[in-house]
Amino acid sequence: MVSTVRLVIDKNDTWSWNLCRSGIFSTKSLTKQVMVKCFPPSASNVATQRNNFAPIKVGVFLWRARRNRLPVLVELDKRGIDLHSVLCPLCDKVVETVNHALFSCDKVREVWVKVLNWWGIDSSQHDIDNMLSGNLPLQCSKVGENIWQAMVWISTYLI
Ligand SMILES: [Zn+2]
């Protein structure tokens with residue numbers, strides 16, 4: 001659906017901003033419309049997700065990863081860059097996508113298992129994908145949940 005921004009001149013020759021009910025322009029209403037139109041609601045929630053335990057560059061990296069904006073081989077190929085192969089250079093078995101490069105490659109899985117072992121978590125007892133999507137295998141406080149999330153984010157960044 002395409003919507004247009006219209007400024008309506010009423011009978012008193014005034015301007016009306018149709019993107020909000022009051023008819024008064026505000027940068028907040030414009031920002032809200034840009035976010036809704038440019039990013040799906042689920043993506044816009046992720047875009048604003050922050051963690052005070054993780055550096056900003058890590059948050060930006062994850063923001064890019066969630067939108068497939070990292071220069072993995074399949075994305076470079078889509079942009080017309082001539083590549084010898086789009087297979088993952090680590091395992092040479094599967095096309096290198098963002099998800100494969102950061103989470104599902106067998107070589108990367110080995111790193112995740114070590115990270116989880118460092119936390120005292122037996123990765124054979126838990127679903128790694130479930131944990132990486134934010135579900136903790138441990139009972140802990142809100143601060144502990146934030147630390148867990150920061151650990152997952154930073155580990156993803158470093159991988
Ligand atoms: Zn791989």
# chains A, B, ... in the order shown; residues from 1 in each chain; ligands from 1
call {"tool": "residues_near_ligand", "arguments": {"ligand": "ligand 1", "cutoff": "9 Å", "atoms": "only C-alpha atoms and all ligand atoms", "output": "short mmCIF file (atom, residue, chain, number, x, y, z; two decimals) with all heavy atoms, in the first residue's frame"}}
result
data_model
loop_
_atom_site.label_atom_id
_atom_site.label_comp_id
_atom_site.auth_asym_id
_atom_site.auth_seq_id
_atom_site.Cartn_x
_atom_site.Cartn_y
_atom_site.Cartn_z
N LEU A 87 29.82 -20.12 -1.35
CA LEU A 87 29.83 -21.09 -0.24
C LEU A 87 30.63 -20.54 0.92
O LEU A 87 31.61 -19.79 0.74
CB LEU A 87 30.43 -22.42 -0.70
CG LEU A 87 29.62 -23.20 -1.73
CD1 LEU A 87 30.37 -24.49 -2.09
CD2 LEU A 87 28.22 -23.51 -1.22
N CYS A 88 30.21 -20.90 2.11
CA CYS A 88 30.87 -20.46 3.33
C CYS A 88 32.36 -20.83 3.28
O CYS A 88 32.70 -22.00 3.06
CB CYS A 88 30.19 -21.13 4.53
SG CYS A 88 31.04 -20.89 6.08
N PRO A 89 33.26 -19.87 3.49
CA PRO A 89 34.69 -20.19 3.44
C PRO A 89 35.16 -21.06 4.61
O PRO A 89 36.23 -21.66 4.54
CB PRO A 89 35.36 -18.82 3.46
CG PRO A 89 34.36 -17.87 3.98
CD PRO A 89 33.01 -18.46 3.69
N LEU A 90 34.37 -21.15 5.67
CA LEU A 90 34.77 -21.97 6.83
C LEU A 90 34.46 -23.45 6.60
O LEU A 90 35.28 -24.31 6.86
CB LEU A 90 34.08 -21.49 8.10
CG LEU A 90 34.46 -20.09 8.59
CD1 LEU A 90 33.64 -19.72 9.81
CD2 LEU A 90 35.94 -20.02 8.88
N CYS A 91 33.25 -23.75 6.13
CA CYS A 91 32.86 -25.16 5.97
C CYS A 91 32.82 -25.60 4.52
O CYS A 91 32.85 -26.79 4.23
CB CYS A 91 31.51 -25.42 6.64
SG CYS A 91 30.13 -24.55 5.87
N ASP A 92 32.69 -24.65 3.60
CA ASP A 92 32.65 -24.93 2.16
C ASP A 92 31.52 -25.89 1.78
O ASP A 92 31.65 -26.69 0.87
CB ASP A 92 34.01 -25.48 1.69
CG ASP A 92 34.23 -25.23 0.20
OD1 ASP A 92 33.69 -24.23 -0.31
OD2 ASP A 92 34.93 -26.03 -0.43
N LYS A 93 30.41 -25.83 2.55
CA LYS A 93 29.29 -26.74 2.29
C LYS A 93 28.00 -26.00 1.97
O LYS A 93 27.18 -26.48 1.22
CB LYS A 93 29.01 -27.61 3.52
CG LYS A 93 30.10 -28.56 3.90
CD LYS A 93 29.69 -29.30 5.17
CE LYS A 93 30.84 -30.11 5.72
NZ LYS A 93 30.54 -30.63 7.06
N VAL A 94 27.80 -24.85 2.62
CA VAL A 94 26.52 -24.15 2.58
C VAL A 94 26.76 -22.72 2.11
O VAL A 94 27.81 -22.14 2.38
CB VAL A 94 25.87 -24.16 3.99
CG1 VAL A 94 24.53 -23.47 3.98
CG2 VAL A 94 25.75 -25.58 4.51
N VAL A 95 25.75 -22.16 1.44
CA VAL A 95 25.83 -20.76 1.01
C VAL A 95 25.97 -19.87 2.25
O VAL A 95 25.28 -20.08 3.26
CB VAL A 95 24.55 -20.37 0.22
CG1 VAL A 95 24.50 -18.88 -0.05
CG2 VAL A 95 24.50 -21.16 -1.08
N GLU A 96 26.89 -18.91 2.16
CA GLU A 96 27.14 -18.05 3.32
C GLU A 96 26.09 -16.96 3.41
O GLU A 96 26.12 -15.98 2.67
CB GLU A 96 28.53 -17.43 3.25
CG GLU A 96 28.85 -16.67 4.53
CD GLU A 96 30.08 -15.80 4.42
OE1 GLU A 96 30.15 -14.99 3.48
OE2 GLU A 96 30.95 -15.93 5.26
N HIS A 100 23.88 -18.18 8.61
CA HIS A 100 24.87 -19.26 8.58
C HIS A 100 26.19 -18.78 9.16
O HIS A 100 26.81 -19.47 9.97
CB HIS A 100 25.07 -19.76 7.14
CG HIS A 100 26.10 -20.85 7.06
ND1 HIS A 100 25.81 -22.16 7.37
CD2 HIS A 100 27.42 -20.80 6.75
CE1 HIS A 100 26.91 -22.88 7.24
NE2 HIS A 100 27.91 -22.08 6.86
N ALA A 101 26.64 -17.59 8.74
CA ALA A 101 27.95 -17.09 9.18
C ALA A 101 28.01 -16.83 10.68
O ALA A 101 29.06 -16.99 11.29
CB ALA A 101 28.30 -15.80 8.42
N SER A 104 24.74 -20.79 12.35
CA SER A 104 24.48 -22.19 12.01
C SER A 104 25.64 -22.94 11.38
O SER A 104 25.57 -24.16 11.25
CB SER A 104 23.24 -22.29 11.10
OG SER A 104 23.47 -21.63 9.88
N CYS A 105 26.71 -22.27 11.00
CA CYS A 105 27.87 -22.97 10.45
C CYS A 105 28.45 -23.91 11.51
O CYS A 105 28.53 -23.55 12.69
CB CYS A 105 28.92 -21.95 10.01
SG CYS A 105 30.40 -22.73 9.33
N ASP A 106 28.85 -25.09 11.09
CA ASP A 106 29.40 -26.05 12.04
C ASP A 106 30.59 -25.48 12.80
O ASP A 106 30.76 -25.71 14.00
CB ASP A 106 29.82 -27.33 11.31
CG ASP A 106 28.62 -28.13 10.80
OD1 ASP A 106 27.50 -27.88 11.28
OD2 ASP A 106 28.82 -28.97 9.90
N LYS A 107 31.43 -24.75 12.10
CA LYS A 107 32.63 -24.16 12.74
C LYS A 107 32.23 -23.10 13.77
O LYS A 107 32.84 -22.99 14.82
CB LYS A 107 33.55 -23.54 11.69
CG LYS A 107 34.05 -24.52 10.66
CD LYS A 107 34.98 -25.53 11.27
CE LYS A 107 35.51 -26.46 10.20
NZ LYS A 107 36.29 -27.55 10.74
N VAL A 108 31.20 -22.33 13.44
CA VAL A 108 30.71 -21.29 14.35
C VAL A 108 30.03 -21.94 15.55
O VAL A 108 30.16 -21.46 16.68
CB VAL A 108 29.76 -20.33 13.60
CG1 VAL A 108 29.03 -19.40 14.54
CG2 VAL A 108 30.53 -19.55 12.56
#
call {"tool": "closest_atom_pairs", "arguments": {"of": "region 24-95 of chain A", "to": "region 142-154 of chain A", "cutoff": "8 Å", "atoms": "only C-alpha atoms", "output": "tab-separated table"}}
result
residue	atom	partner	partner_atom	distance
A:Asn51	CA	A:Ala150	CA	6.4
A:Phe53	CA	A:Ala150	CA	5.7
A:Ala54	CA	A:Ala150	CA	5.2
A:Val58	CA	A:Ile154	CA	6.2
A:Gly59	CA	A:Trp153	CA	7.5
A:Leu62	CA	A:Trp153	CA	7.1
call {"tool": "closest_residue", "arguments": {"among": "A:Arg109, A:Leu158, A:Leu83, A:Leu76", "to": "Thr97 (chain A)", "atoms": "only C-alpha atoms"}}
result
A:Leu76
call {"tool": "residues_around", "arguments": {"residues": "Arg69 (chain A)", "least_positions_apart": "5", "cutoff": "12 Å", "atoms": "only C-alpha atoms", "output": "ChimeraX atom specification"}}
result
/A:60-64,74-76,78-79,97-99
call {"tool": "write_last_selection", "arguments": {"atoms": "C-alpha atoms", "output": "mmCIF file, in the first residue's frame"}}
result
data_model
loop_
_atom_site.group_PDB
_atom_site.id
_atom_site.type_symbol
_atom_site.label_atom_id
_atom_site.label_comp_id
_atom_site.auth_asym_id
_atom_site.auth_seq_id
_atom_site.Cartn_x
_atom_site.Cartn_y
_atom_site.Cartn_z
ATOM 1 C CA VAL A 60 24.658 -1.397 15.264
ATOM 2 C CA PHE A 61 26.230 -4.624 14.023
ATOM 3 C CA LEU A 62 23.246 -6.664 15.211
ATOM 4 C CA TRP A 63 20.861 -4.141 13.675
ATOM 5 C CA ARG A 64 22.627 -4.631 10.349
ATOM 6 C CA VAL A 74 25.317 -14.191 -0.782
ATOM 7 C CA GLU A 75 24.564 -10.492 -0.233
ATOM 8 C CA LEU A 76 27.641 -9.433 -2.219
ATOM 9 C CA LYS A 78 23.067 -10.190 -5.014
ATOM 10 C CA ARG A 79 24.727 -6.815 -5.554
ATOM 11 C CA THR A 97 24.168 -16.104 4.644
ATOM 12 C CA VAL A 98 24.132 -13.889 7.713
ATOM 13 C CA ASN A 99 22.436 -16.604 9.755
#
call {"tool": "select_by_dssp", "arguments": {"residues": "region 16-146 of chain A", "states": "strand (DSSP E or B)", "output": "number ranges by chain"}}
result
A: 16-17, 87, 95
call {"tool": "write_last_selection", "arguments": {"atoms": "N, CA, C and O atoms", "output": "compact mmCIF listing (two decimals), in the first residue's frame"}}
result
# COMPACT_ATOMS: atom_id res chain seq x y z
N SER A 16 -2.40 21.95 6.83
CA SER A 16 -2.78 20.89 7.76
C SER A 16 -1.92 19.66 7.49
O SER A 16 -1.72 19.28 6.33
N TRP A 17 -1.39 19.07 8.53
CA TRP A 17 -0.53 17.89 8.42
C TRP A 17 -1.40 16.66 8.59
O TRP A 17 -1.90 16.39 9.68
N LEU A 87 29.82 -20.12 -1.35
CA LEU A 87 29.83 -21.09 -0.24
C LEU A 87 30.63 -20.54 0.92
O LEU A 87 31.61 -19.79 0.74
N VAL A 95 25.75 -22.16 1.44
CA VAL A 95 25.83 -20.76 1.01
C VAL A 95 25.97 -19.87 2.25
O VAL A 95 25.28 -20.08 3.26
call {"tool": "residues_around", "arguments": {"residues": "Trp112 (chain A)", "least_positions_apart": "2", "cutoff": "10 Å", "atoms": "only C-alpha atoms", "output": "PyMOL selection string"}}
result
chain A and resi 102-104+106-110+114-118+123+128+132+152+155-156+159
call {"tool": "select_by_dssp", "arguments": {"residues": "region 8-158 of chain A", "states": "helix (DSSP H, G or I)", "output": "NGL selection string"}}
result
:A and (27-38 or 41-47 or 56-66 or 73-78 or 98-104 or 106-118 or 128-132 or 142-158)
call {"tool": "decode", "arguments": {"residues": "region 63-87 of chain A", "atoms": "C-alpha atoms", "output": "compact mmCIF listing (two decimals), in the first residue's frame"}}
result
# COMPACT_ATOMS: atom_id res chain seq x y z
CA TRP A 63 20.86 -4.14 13.68
CA ARG A 64 22.63 -4.63 10.35
CA ALA A 65 22.71 -8.41 10.74
CA ARG A 66 18.96 -8.59 11.40
CA ARG A 67 18.36 -6.76 8.14
CA ASN A 68 20.80 -8.87 6.10
CA ARG A 69 23.01 -5.81 5.68
CA LEU A 70 26.28 -7.54 6.44
CA PRO A 71 28.68 -8.18 3.55
CA VAL A 72 28.30 -11.96 3.54
CA LEU A 73 28.95 -13.68 0.23
CA VAL A 74 25.32 -14.19 -0.78
CA GLU A 75 24.56 -10.49 -0.23
CA LEU A 76 27.64 -9.43 -2.22
CA ASP A 77 26.55 -11.76 -5.01
CA LYS A 78 23.07 -10.19 -5.01
CA ARG A 79 24.73 -6.82 -5.55
CA GLY A 80 26.48 -8.10 -8.65
CA ILE A 81 29.95 -8.54 -7.23
CA ASP A 82 31.71 -11.29 -9.15
CA LEU A 83 32.69 -14.00 -6.68
CA HIS A 84 34.38 -17.33 -7.19
CA SER A 85 31.90 -18.99 -4.86
CA VAL A 86 29.16 -18.05 -2.42
CA LEU A 87 29.83 -21.09 -0.24
